[in-house]
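To keep things clear, I will list the structure first and then write my remarks on it.
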Amino acid sequence: MREFEELKAKLSEDPQSFVAILGAGVSIPAGLPSWSGLRDILCDAIPDVIIDEDDAQRAVDTAKAATDLWHSFSRLRTSLGPFKYEKTIRGALDITEKDIPPLYKQLWKLNISGIIDFNLDKFAINAYSAVNKTAVDFASAREPHITQLHRAWLVDPRSDNTCSVYGYKTLRYIGNGAFGSVFEAEDLDGNRCALKVLLPDVKDKMSYLSCFRRGIRSMKILRDKNIAGMVKIHDSYEIPACIVMDLVDGITLRTAINNRYISALEVKLSILEQIASIIHSAHQLEERILHRDLKPENVMLEECYSAVDFDNSDTPPKVKVLDFDLSWHRGATEKTVIAGAVSQGFMAPEQVDTSVDRSLSRNTAVDVYSIGMLAFYVLTGTNPIPNQALLQGFHSNLLSALCAVQKYN
């Protein structure tokens with residue numbers, strides 16, 4: 001009750017800070033169907049397009065047997081065809097000569113900032129017109145909001161207009177992950193952090209957005225289970241899709257190897273051992289977190305910047321594993337996407353081969369393979385090519401390369 005009174009007081013003082021989120025239940029008093037009711041209406045329309053009674057009944061049973069309404073509507077669209085499907089929905093949601101449900105008008109009378117409406121009808125717009133005694137051009141009304149949504153994805157530390165995201169001020173661009181740009185940022189208290197924002201050109205690709213969200217869930221599981229060696233996530237947001245995480249000072253394994261900063265075999269082996277231990281800890285969780293994108297760019301060596309920082313083999317650099325955009329965990333349902341060409345040399349054959357079942361890449365073996373390819377890269381200084389471990393003569397060529405490199409070092 002105390003929370004309700006506080007909410008009323010806040011609403012009275014500052015209604016413009018509130019936005020109402022409405023579902024199908026608000027329109028039911030006007031005689032419109034709920035989502036399950038709409039499904040039943042579509043099922044009733046099936047005999048209009050499927051003449052055979054048995055076939056029609058099977059189509060109805062298949063639609064109603066779906067595990068959720070989204071799959072049910074998808075099956076109904078297939079059975080009815082696009083034209084009949086859309087025509088039936090438009091008829092079911094026709095609000096001509098229907099009274100506006102009272103709640104819509106009551107909300108607008110509170111002078112709140114807006115309504116996010118998940119209904120397909122136009123009661124919210126009609127109620128706004130009725131309360132404010134003004135006509136609303138729906139297309140024009142959407143324009144400023146669409147513009148704001150697009151601007152929300154523009155993040156640039158060089159501009160005062162685009163340098164802040166959810167109270168975090170971006171200071172400099174660091175680089176790109178599989179799907180996002182990474183910035184050094186600071187919060188309102190001046191604490192430094194890393195901000196990763198989904199790339200604008202992939203935000204409309206549902207498979208990429210789903211992977212990004214799955215990566216966020218993986219990072220939160222690792223954080224909550226206190227798995228050491230993984231970059232820690234602090235928060236996440238949707239518009240723009242972004243995550244706030246620890247800022248790791250240092251260089252990537254790619255930089256260290258390409259610049260020949262690491263000469264001691266003991267240091268190289270220590271780095272590889274840490275990577276394997278970190279990934280093994282993630283695999284041992286009940287959720288079984290798989291990284292699935294282990295490559296030199298996704299391994300940070302903390303507080304290391306030049307060859308001098310790798311001279312002491314008694315105190316090897318600390319490893320942090322980054323970038324969980326392609327990760328997977330038990331219970332995840334999103335589809336798998338394929339990484340870029342450079343990354344594929346570090347990926348297991350079942351991840352690269354598009355002809356195989358994508359579910360085969362949801363196995364700890366893919367990370368084990370990647371660790372092996374990381375070892376190949378660290379010890380030889382050469383990027384692996386896709387499926388290199390399957391090529392004839394790989395083992396003998398690897399041994400020769402290792403001997404040559406170690407003799408040179």
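Going through the structure tokens in order, the chains are called A, B, and so on, while each chain numbers its residues from 1 and the ligands are numbered from 1 in the order shown.
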Expected answer as number ranges by chain: helix (DSSP H, G or I) residues in region 138-304 of chain A = A: 138-152, 200-202, 206-224, 253-258, 265-283, 296-298
Convert the current residue selection to file output with C-alpha atoms, as a short mmCIF file (atom, residue, chain, number, x, y, z; two decimals), in the first residue's frame.
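Result saved to out_38.cif:
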data_model
loop_
_atom_site.label_atom_id
_atom_site.label_comp_id
_atom_site.auth_asym_id
_atom_site.auth_seq_id
_atom_site.Cartn_x
_atom_site.Cartn_y
_atom_site.Cartn_z
CA PHE A 138 -0.94 8.50 -37.31
CA ALA A 139 1.86 8.56 -39.89
CA SER A 140 3.00 12.05 -38.86
CA ALA A 141 2.72 11.18 -35.17
CA ARG A 142 5.21 8.34 -35.66
CA GLU A 143 7.82 10.49 -37.38
CA PRO A 144 9.51 12.17 -34.40
CA HIS A 145 9.57 8.91 -32.47
CA ILE A 146 11.14 7.04 -35.38
CA THR A 147 13.74 9.81 -35.67
CA GLN A 148 14.50 9.51 -31.95
CA LEU A 149 14.90 5.74 -32.25
CA HIS A 150 17.42 6.13 -35.06
CA ARG A 151 19.35 8.82 -33.18
CA ALA A 152 19.50 6.61 -30.11
CA PRO A 200 23.54 0.16 -36.33
CA ASP A 201 23.75 -1.94 -39.49
CA VAL A 202 22.95 -5.18 -37.62
CA MET A 206 16.78 -10.36 -35.67
CA SER A 207 19.25 -13.26 -35.61
CA TYR A 208 22.13 -10.92 -34.70
CA LEU A 209 20.06 -9.06 -32.11
CA SER A 210 19.03 -12.37 -30.56
CA CYS A 211 22.66 -13.49 -30.36
CA PHE A 212 23.59 -10.19 -28.73
CA ARG A 213 20.89 -10.71 -26.10
CA ARG A 214 21.97 -14.30 -25.57
CA GLY A 215 25.52 -13.07 -25.00
CA ILE A 216 24.23 -10.69 -22.34
CA ARG A 217 22.49 -13.57 -20.56
CA SER A 218 25.70 -15.61 -20.70
CA MET A 219 27.70 -12.76 -19.16
CA LYS A 220 25.15 -12.30 -16.37
CA ILE A 221 25.29 -16.01 -15.55
CA LEU A 222 29.10 -15.88 -15.41
CA ARG A 223 28.94 -12.78 -13.20
CA ASP A 224 26.40 -14.29 -10.82
CA LEU A 253 46.67 -11.46 -27.39
CA ARG A 254 46.64 -10.55 -31.11
CA THR A 255 48.70 -7.41 -30.46
CA ALA A 256 51.14 -9.23 -28.19
CA ILE A 257 51.83 -12.03 -30.67
CA ASN A 258 51.89 -9.91 -33.84
CA LEU A 265 57.71 -20.34 -23.89
CA GLU A 266 56.71 -20.44 -20.21
CA VAL A 267 54.74 -17.19 -20.58
CA LYS A 268 52.97 -18.42 -23.72
CA LEU A 269 52.01 -21.68 -22.03
CA SER A 270 50.79 -19.83 -18.93
CA ILE A 271 48.49 -17.67 -21.07
CA LEU A 272 47.09 -20.73 -22.84
CA GLU A 273 46.63 -22.55 -19.54
CA GLN A 274 44.66 -19.62 -18.11
CA ILE A 275 42.40 -19.47 -21.17
CA ALA A 276 41.71 -23.21 -20.92
CA SER A 277 41.01 -22.97 -17.17
CA ILE A 278 38.59 -20.04 -17.60
CA ILE A 279 36.65 -21.77 -20.37
CA HIS A 280 36.60 -25.05 -18.44
CA SER A 281 35.03 -23.25 -15.46
CA ALA A 282 32.27 -21.90 -17.73
CA HIS A 283 31.67 -25.38 -19.15
CA PRO A 296 43.27 -13.59 -30.16
CA GLU A 297 41.16 -10.41 -30.32
CA ASN A 298 38.89 -11.73 -27.57
#
inquiry  = Using only C-alpha atoms, which protein or nucleic acid residues come within 12 Å of Asp367 (chain A)? Drop anything in the same chain fewer than 2 positions from it, and give the result as a VMD selection string.
reply    = chain A and resid 275 to 280 282 to 283 288 to 295 326 to 328 346 to 351 361 to 365 369 to 374
Kindly assemble as a Markdown table a list of the region 152-259 of chain A residues that lie within 6 Å of region 305-324 of chain A, each paired with its nearest atom pair and their distance in Å to one decimal, using only C-alpha atoms, sorted first by chain and then by ascending residue number.
| residue | atom | partner | partner_atom | distance |
| --- | --- | --- | --- | --- |
| A:Gly215 | CA | A:Phe324 | CA | 4.8 |
| A:Gly229 | CA | A:Lys320 | CA | 4.7 |
| A:Met230 | CA | A:Val321 | CA | 5.0 |
| A:Val231 | CA | A:Leu322 | CA | 5.9 |
| A:Gly250 | CA | A:Tyr305 | CA | 5.8 |
| A:Ile251 | CA | A:Tyr305 | CA | 5.9 |
key: Selected residue, from A:Ser74, A:Gly175, A:Gln388, A:Gly381, that lies nearest to Gln344 (chain A) when counting only C-alpha atoms   =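 The answer is A:Gln388, which sits nearest to Gln344 (chain A).
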message = Give me, as a PyMOL selection string, all polymer residues having an atom no more than 7 Å from Ala63 (chain A), counting only C-alpha atoms and skipping those fewer than 5 positions away in the same chain.
response = chain A and resi 72+75-76
request  = Write out as a PyMOL selection string each polymer residue whose atoms come within 9 Å of region 40-56 of chain A, counting only C-alpha atoms; drop sequence neighbours fewer than 6 positions from it.
outcome  = chain A and resi 33+63-64+73+76-77+79-81+84-85+88-89+92
Write out the residues from the selection above, keeping N, CA, C and O atoms, as a compact mmCIF listing (two decimals), in the first residue's frame.
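Now in again.txt:
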# COMPACT_ATOMS: atom_id res chain seq x y z
N PRO A 33 -11.10 -9.18 -29.40
CA PRO A 33 -10.64 -10.44 -28.81
C PRO A 33 -9.29 -10.30 -28.11
O PRO A 33 -8.51 -9.40 -28.41
N ALA A 63 -2.51 -25.84 -35.12
CA ALA A 63 -2.37 -24.46 -34.64
C ALA A 63 -2.55 -24.38 -33.13
O ALA A 63 -1.79 -23.69 -32.43
N LYS A 64 -3.53 -25.07 -32.61
CA LYS A 64 -3.81 -25.01 -31.17
C LYS A 64 -2.82 -25.80 -30.34
O LYS A 64 -2.69 -25.58 -29.13
N PHE A 73 0.12 -18.58 -34.48
CA PHE A 73 -0.24 -17.63 -35.54
C PHE A 73 0.56 -17.91 -36.82
O PHE A 73 0.04 -17.74 -37.93
N LEU A 76 -1.15 -20.72 -38.52
CA LEU A 76 -2.43 -20.29 -39.07
C LEU A 76 -2.24 -19.48 -40.36
O LEU A 76 -3.02 -19.61 -41.31
N ARG A 77 -1.20 -18.67 -40.40
CA ARG A 77 -0.92 -17.89 -41.62
C ARG A 77 -0.60 -18.81 -42.79
O ARG A 77 -1.01 -18.57 -43.92
N SER A 79 -1.68 -21.94 -43.09
CA SER A 79 -2.90 -22.67 -43.46
C SER A 79 -3.88 -21.79 -44.22
O SER A 79 -4.51 -22.22 -45.19
N LEU A 80 -4.03 -20.54 -43.79
CA LEU A 80 -5.01 -19.64 -44.38
C LEU A 80 -4.51 -18.94 -45.63
O LEU A 80 -5.31 -18.54 -46.49
N GLY A 81 -3.20 -18.75 -45.72
CA GLY A 81 -2.65 -17.92 -46.78
C GLY A 81 -2.62 -16.48 -46.32
O GLY A 81 -3.47 -16.06 -45.52
N LYS A 84 -6.15 -14.21 -46.73
CA LYS A 84 -7.24 -14.58 -45.83
C LYS A 84 -6.84 -14.33 -44.38
O LYS A 84 -7.66 -13.88 -43.57
N TYR A 85 -5.59 -14.58 -44.06
CA TYR A 85 -5.09 -14.37 -42.70
C TYR A 85 -5.22 -12.90 -42.29
O TYR A 85 -5.80 -12.58 -41.24
N THR A 88 -8.95 -11.63 -42.13
CA THR A 88 -9.65 -12.11 -40.92
C THR A 88 -9.24 -11.30 -39.70
O THR A 88 -10.08 -10.92 -38.87
N ILE A 89 -7.95 -11.00 -39.60
CA ILE A 89 -7.47 -10.20 -38.46
C ILE A 89 -8.03 -8.79 -38.52
O ILE A 89 -8.49 -8.25 -37.49
N ALA A 92 -11.59 -8.86 -37.36
CA ALA A 92 -11.71 -9.10 -35.91
C ALA A 92 -11.35 -7.88 -35.10
O ALA A 92 -11.87 -7.67 -33.99
request  = Assign secondary structure with DSSP using the backbone only, and return the residues of region 98-257 of chain A in strand (DSSP E or B) as a count of residues only.
outcome  = 42
